Amino acid sequence: MEFYLTAIHQGLAFAALGLGIFLSLRILNIPDITTDGSYTSGGIITAWMLVNGWSPVIAVFAAMIAGAIAGIITGTIHTRLKVHPLLAGIIVMTGLYSINLAILGRPNQPLINIDNLLMSPSTNSDHSSIILFVFSVVLIILINAFLKSDMGIALRATGNSESMVKSMGVNPDKMKIIGLGISNSLTALSGSLIVQYQGFGDINMGIGIVISGLGAVMIGDVVLRNAVSRKIYLQLIAVVLGCILFRLILATALNIGIDPNYLKLITAVLVLSIIAFGKIKFTSKA
Amino acid sequence: MIEIKNISKTFNRGSADEIVALKNLSLKINEGDFITVVGFNGSGKSTLLNLISGSLIADSGEIIFNGSNVTKLPDYKRSKYISRIFQNPLAGTASELSILENFRLASLRTRSKSLSIGNTKSFRKNVCDKLKTLNMGLENKPEALMGSLSGGQRQALTLLMSVMDESKILLLDEPTAALDPKSAAIVMELAEKIIREGNLTAIMVTHRMKDASNYGNRLIMMREGSIEKDYSESEKKTIIADDLVRWFNI
Ligand SMILES: Nc1ncnc2c1ncn2[C@@H]1O[C@H](COP(=O)(O)OP(=O)(O)OP(=O)(O)O)[C@@H](O)[C@H]1O
Ligand SMILES: [Mg+2]
């Protein structure tokens, strides 16, 4: 059971990343893979700051700001230089690897006996469940409110019809840069939470992590596919559920004895299966 | 109101498929003018509208709105002065947003889009009152996604949206080309009403000769990137659709 609780915790910690991918991929219609880099940055900065005696709250903020900057750079490269967003993301992600290594000064950093947001070794207490849950709920509420605000409407319209938003006095480039900034700051938040949850930061922790977010968003689509309403908050909840389900499925795979070295392969097959499942038409449904 | 001085626009300059879309075109548009524009495919009508709206920037020449030079101003900044109706109903509305949210954005065309929630109950009531005037039953489902509506409905909504915020200039590029005759008639009547009631300055490109002769106070004929004829109000009154069809056949 412990095993599944850990999977749910991880799923909640990945909720921010899933919501970030939802913003870039579904709302803005931009495939952004800065994720691998901004996730690691969030984790690395948190690890470095905690080891150096900063408060966990400040470390989380710093992680989110770093992620936002990464997203803003990707957005600027994409819009100003008219570079394909995938390429812009790869450029930033690659550059971030060295920056992350320089920040940490070593490939990994354990956080032994350092209090963080989720657990305090000093008092021997673990608040992971409640704090991760509250984080996810607050994120859903805040993102829902943002997407319904006037600026949020402009952002959503940008992913729909650029000619429309331009004729409404909105600069679509600015919206894309803002959106990618928010998206990657959420990704970095996940990196920060995961580092605090697992108790160490690693320079390679972000490799291939973008697929977790994609998988979560796609599971969310499957969850909602027969729903009558497509209200935004339902979509956000579905993404968070997708994050949890994704981790649970992986945990189950490991639990039935699949070699952990095949974890990435399992992840790839899992996402492929979700995509395939999403394409099956249930003709019996009215 | 709008002064266009000697503008030219060439596409793919210097390459084998170089196209001169507009050459040294000048046009003075007075406040309250409703100009209809006709001409062959490729004569530069859309290019002219895109240069006025800022979707394209002229190679040379000047565009002046009410004394201020907007020649180099990008389209999203010019939308402060201009509302647009596109040929493709998808281009003027956001499919995955509700009717209300589309209208909310339109009501902020000249203003900044802040983090406050503006799609309130009173806003909704205001929009529903406007929707009622269309007689399409849309006032009963303002939450419907724009993408679930027909092209004619979307075009009619785009027209209503164009006057949600302070409006002076309306550009219409073949607003009814994608519509069936019945929807086209409804949309044209609505356009005429909105232009008249808002005292807007309007330019409408059309291939329907009846519309070109029935609507507006000025008529422009374009050919190969230039204005061939510019009929004033009194001259236009004597023109009927048949005359225009004849012009096309010369
Ligand atoms: N973005 C572009 N790139 C290259 N050539 C273009 C572009 N836009 C327009 N053109 C060319 O410029 C010329 C004028 O086009 P424009 O769209 O203004 O014509 P139009 O009068 O609106 O025609 P239609 O009646 O078919 O809408 C055409 O030859 C067209 O092929
Ligand atoms: Mg055209």
# chains A, B, ... in the order shown; residues from 1 in each chain; ligands from 1

call {"tool": "interface_residues", "arguments": {"of": "chain A", "to": "chain B", "cutoff": "10 Å", "atoms": "only C-alpha atoms", "output": "VMD selection string"}}
result
chain A and resid 27 145 to 172

call {"tool": "write_last_selection", "arguments": {"atoms": "N, CA and C atoms", "output": "PDB file, in the first residue's frame"}}
result
ATOM      1  N   ILE A  27      -4.052  24.915 -24.354  1.00  0.00           N
ATOM      2  CA  ILE A  27      -4.578  26.282 -24.394  1.00  0.00           C
ATOM      3  C   ILE A  27      -3.879  27.100 -25.484  1.00  0.00           C
ATOM      4  N   ALA A 145      -9.258  30.611 -12.276  1.00  0.00           N
ATOM      5  CA  ALA A 145      -9.590  32.040 -12.177  1.00  0.00           C
ATOM      6  C   ALA A 145      -8.825  32.832 -13.234  1.00  0.00           C
ATOM      7  N   PHE A 146      -7.547  32.494 -13.417  1.00  0.00           N
ATOM      8  CA  PHE A 146      -6.740  33.204 -14.411  1.00  0.00           C
ATOM      9  C   PHE A 146      -7.326  33.028 -15.811  1.00  0.00           C
ATOM     10  N   LEU A 147      -7.682  31.792 -16.156  1.00  0.00           N
ATOM     11  CA  LEU A 147      -8.177  31.547 -17.516  1.00  0.00           C
ATOM     12  C   LEU A 147      -9.544  32.186 -17.769  1.00  0.00           C
ATOM     13  N   LYS A 148     -10.254  32.536 -16.699  1.00  0.00           N
ATOM     14  CA  LYS A 148     -11.545  33.207 -16.876  1.00  0.00           C
ATOM     15  C   LYS A 148     -11.425  34.716 -16.833  1.00  0.00           C
ATOM     16  N   SER A 149     -10.254  35.215 -16.415  1.00  0.00           N
ATOM     17  CA  SER A 149     -10.070  36.671 -16.385  1.00  0.00           C
ATOM     18  C   SER A 149      -9.970  37.184 -17.819  1.00  0.00           C
ATOM     19  N   ASP A 150     -10.006  38.495 -17.954  1.00  0.00           N
ATOM     20  CA  ASP A 150      -9.929  39.080 -19.290  1.00  0.00           C
ATOM     21  C   ASP A 150      -8.626  38.680 -19.993  1.00  0.00           C
ATOM     22  N   MET A 151      -7.528  38.695 -19.228  1.00  0.00           N
ATOM     23  CA  MET A 151      -6.255  38.316 -19.841  1.00  0.00           C
ATOM     24  C   MET A 151      -6.272  36.824 -20.207  1.00  0.00           C
ATOM     25  N   GLY A 152      -6.883  36.011 -19.342  1.00  0.00           N
ATOM     26  CA  GLY A 152      -6.987  34.581 -19.610  1.00  0.00           C
ATOM     27  C   GLY A 152      -7.789  34.302 -20.873  1.00  0.00           C
ATOM     28  N   ILE A 153      -8.847  35.068 -21.076  1.00  0.00           N
ATOM     29  CA  ILE A 153      -9.651  34.899 -22.295  1.00  0.00           C
ATOM     30  C   ILE A 153      -8.792  35.225 -23.520  1.00  0.00           C
ATOM     31  N   ALA A 154      -8.009  36.302 -23.403  1.00  0.00           N
ATOM     32  CA  ALA A 154      -7.129  36.683 -24.520  1.00  0.00           C
ATOM     33  C   ALA A 154      -6.111  35.578 -24.791  1.00  0.00           C
ATOM     34  N   LEU A 155      -5.594  34.973 -23.714  1.00  0.00           N
ATOM     35  CA  LEU A 155      -4.612  33.897 -23.858  1.00  0.00           C
ATOM     36  C   LEU A 155      -5.234  32.690 -24.559  1.00  0.00           C
ATOM     37  N   ARG A 156      -6.444  32.323 -24.134  1.00  0.00           N
ATOM     38  CA  ARG A 156      -7.099  31.165 -24.737  1.00  0.00           C
ATOM     39  C   ARG A 156      -7.454  31.438 -26.194  1.00  0.00           C
ATOM     40  N   ALA A 157      -7.879  32.662 -26.484  1.00  0.00           N
ATOM     41  CA  ALA A 157      -8.221  32.994 -27.866  1.00  0.00           C
ATOM     42  C   ALA A 157      -6.977  32.921 -28.757  1.00  0.00           C
ATOM     43  N   THR A 158      -5.811  33.247 -28.183  1.00  0.00           N
ATOM     44  CA  THR A 158      -4.569  33.222 -28.961  1.00  0.00           C
ATOM     45  C   THR A 158      -4.301  31.821 -29.515  1.00  0.00           C
ATOM     46  N   GLY A 159      -4.591  30.788 -28.718  1.00  0.00           N
ATOM     47  CA  GLY A 159      -4.380  29.426 -29.187  1.00  0.00           C
ATOM     48  C   GLY A 159      -5.408  28.990 -30.214  1.00  0.00           C
ATOM     49  N   ASN A 160      -6.468  29.779 -30.353  1.00  0.00           N
ATOM     50  CA  ASN A 160      -7.585  29.465 -31.246  1.00  0.00           C
ATOM     51  C   ASN A 160      -7.445  30.111 -32.601  1.00  0.00           C
ATOM     52  N   SER A 161      -7.321  31.426 -32.596  1.00  0.00           N
ATOM     53  CA  SER A 161      -7.337  32.185 -33.839  1.00  0.00           C
ATOM     54  C   SER A 161      -6.501  33.451 -33.673  1.00  0.00           C
ATOM     55  N   GLU A 162      -5.314  33.425 -34.280  1.00  0.00           N
ATOM     56  CA  GLU A 162      -4.439  34.592 -34.139  1.00  0.00           C
ATOM     57  C   GLU A 162      -5.019  35.821 -34.819  1.00  0.00           C
ATOM     58  N   SER A 163      -5.670  35.597 -35.975  1.00  0.00           N
ATOM     59  CA  SER A 163      -6.220  36.756 -36.681  1.00  0.00           C
ATOM     60  C   SER A 163      -7.280  37.419 -35.811  1.00  0.00           C
ATOM     61  N   MET A 164      -8.046  36.606 -35.065  1.00  0.00           N
ATOM     62  CA  MET A 164      -9.076  37.158 -34.202  1.00  0.00           C
ATOM     63  C   MET A 164      -8.457  37.991 -33.081  1.00  0.00           C
ATOM     64  N   VAL A 165      -7.477  37.457 -32.375  1.00  0.00           N
ATOM     65  CA  VAL A 165      -6.942  38.221 -31.242  1.00  0.00           C
ATOM     66  C   VAL A 165      -6.245  39.496 -31.708  1.00  0.00           C
ATOM     67  N   LYS A 166      -5.583  39.425 -32.870  1.00  0.00           N
ATOM     68  CA  LYS A 166      -4.946  40.654 -33.364  1.00  0.00           C
ATOM     69  C   LYS A 166      -5.995  41.721 -33.644  1.00  0.00           C
ATOM     70  N   SER A 167      -7.140  41.293 -34.201  1.00  0.00           N
ATOM     71  CA  SER A 167      -8.170  42.288 -34.506  1.00  0.00           C
ATOM     72  C   SER A 167      -8.847  42.780 -33.230  1.00  0.00           C
ATOM     73  N   MET A 168      -8.551  42.137 -32.088  1.00  0.00           N
ATOM     74  CA  MET A 168      -9.098  42.585 -30.809  1.00  0.00           C
ATOM     75  C   MET A 168      -8.040  43.316 -29.980  1.00  0.00           C
ATOM     76  N   GLY A 169      -6.971  43.742 -30.631  1.00  0.00           N
ATOM     77  CA  GLY A 169      -5.979  44.552 -29.931  1.00  0.00           C
ATOM     78  C   GLY A 169      -5.055  43.754 -29.021  1.00  0.00           C
ATOM     79  N   VAL A 170      -4.931  42.450 -29.276  1.00  0.00           N
ATOM     80  CA  VAL A 170      -4.047  41.631 -28.449  1.00  0.00           C
ATOM     81  C   VAL A 170      -2.824  41.253 -29.277  1.00  0.00           C
ATOM     82  N   ASN A 171      -1.642  41.394 -28.669  1.00  0.00           N
ATOM     83  CA  ASN A 171      -0.424  40.967 -29.338  1.00  0.00           C
ATOM     84  C   ASN A 171      -0.215  39.481 -29.046  1.00  0.00           C
ATOM     85  N   PRO A 172      -0.434  38.613 -30.051  1.00  0.00           N
ATOM     86  CA  PRO A 172      -0.364  37.175 -29.760  1.00  0.00           C
ATOM     87  C   PRO A 172       1.014  36.739 -29.271  1.00  0.00           C
TER      88      PRO A 172
END

call {"tool": "residues_near_ligand", "arguments": {"ligand": "ligand 2", "cutoff": "9 Å", "atoms": "only C-alpha atoms and all ligand atoms", "output": "list in words"}}
result
Asn41, Gly42, Ser43, Gly44, Lys45, Ser46, Thr47, Leu49, Gln87, Asp173, Glu174, Val205 and Thr206 of chain B

call {"tool": "closest_residue", "arguments": {"among": "A:Leu111, A:Ile219, A:Trp48, A:Ile30", "to": "His84 of chain A", "atoms": "only C-alpha atoms"}}
result
A:Ile30

call {"tool": "atom_distance", "arguments": {"atom1": "atom CA of Ile275 of chain A", "atom2": "atom CA of Val223 of chain A"}}
result
12.5 Å

call {"tool": "residues_around", "arguments": {"residues": "Asn100 of chain A", "least_positions_apart": "6", "cutoff": "10 Å", "atoms": "only C-alpha atoms", "output": "NGL selection string"}}
result
:A and (37-38 or 40-45 or 106-107 or 202-204)

call {"tool": "select_by_dssp", "arguments": {"residues": "segment 78-265 of chain A", "states": "strand (DSSP E or B)", "output": "VMD selection string"}}
result
chain A and resid 108 to 110 119 to 120 125 to 126 200 to 202
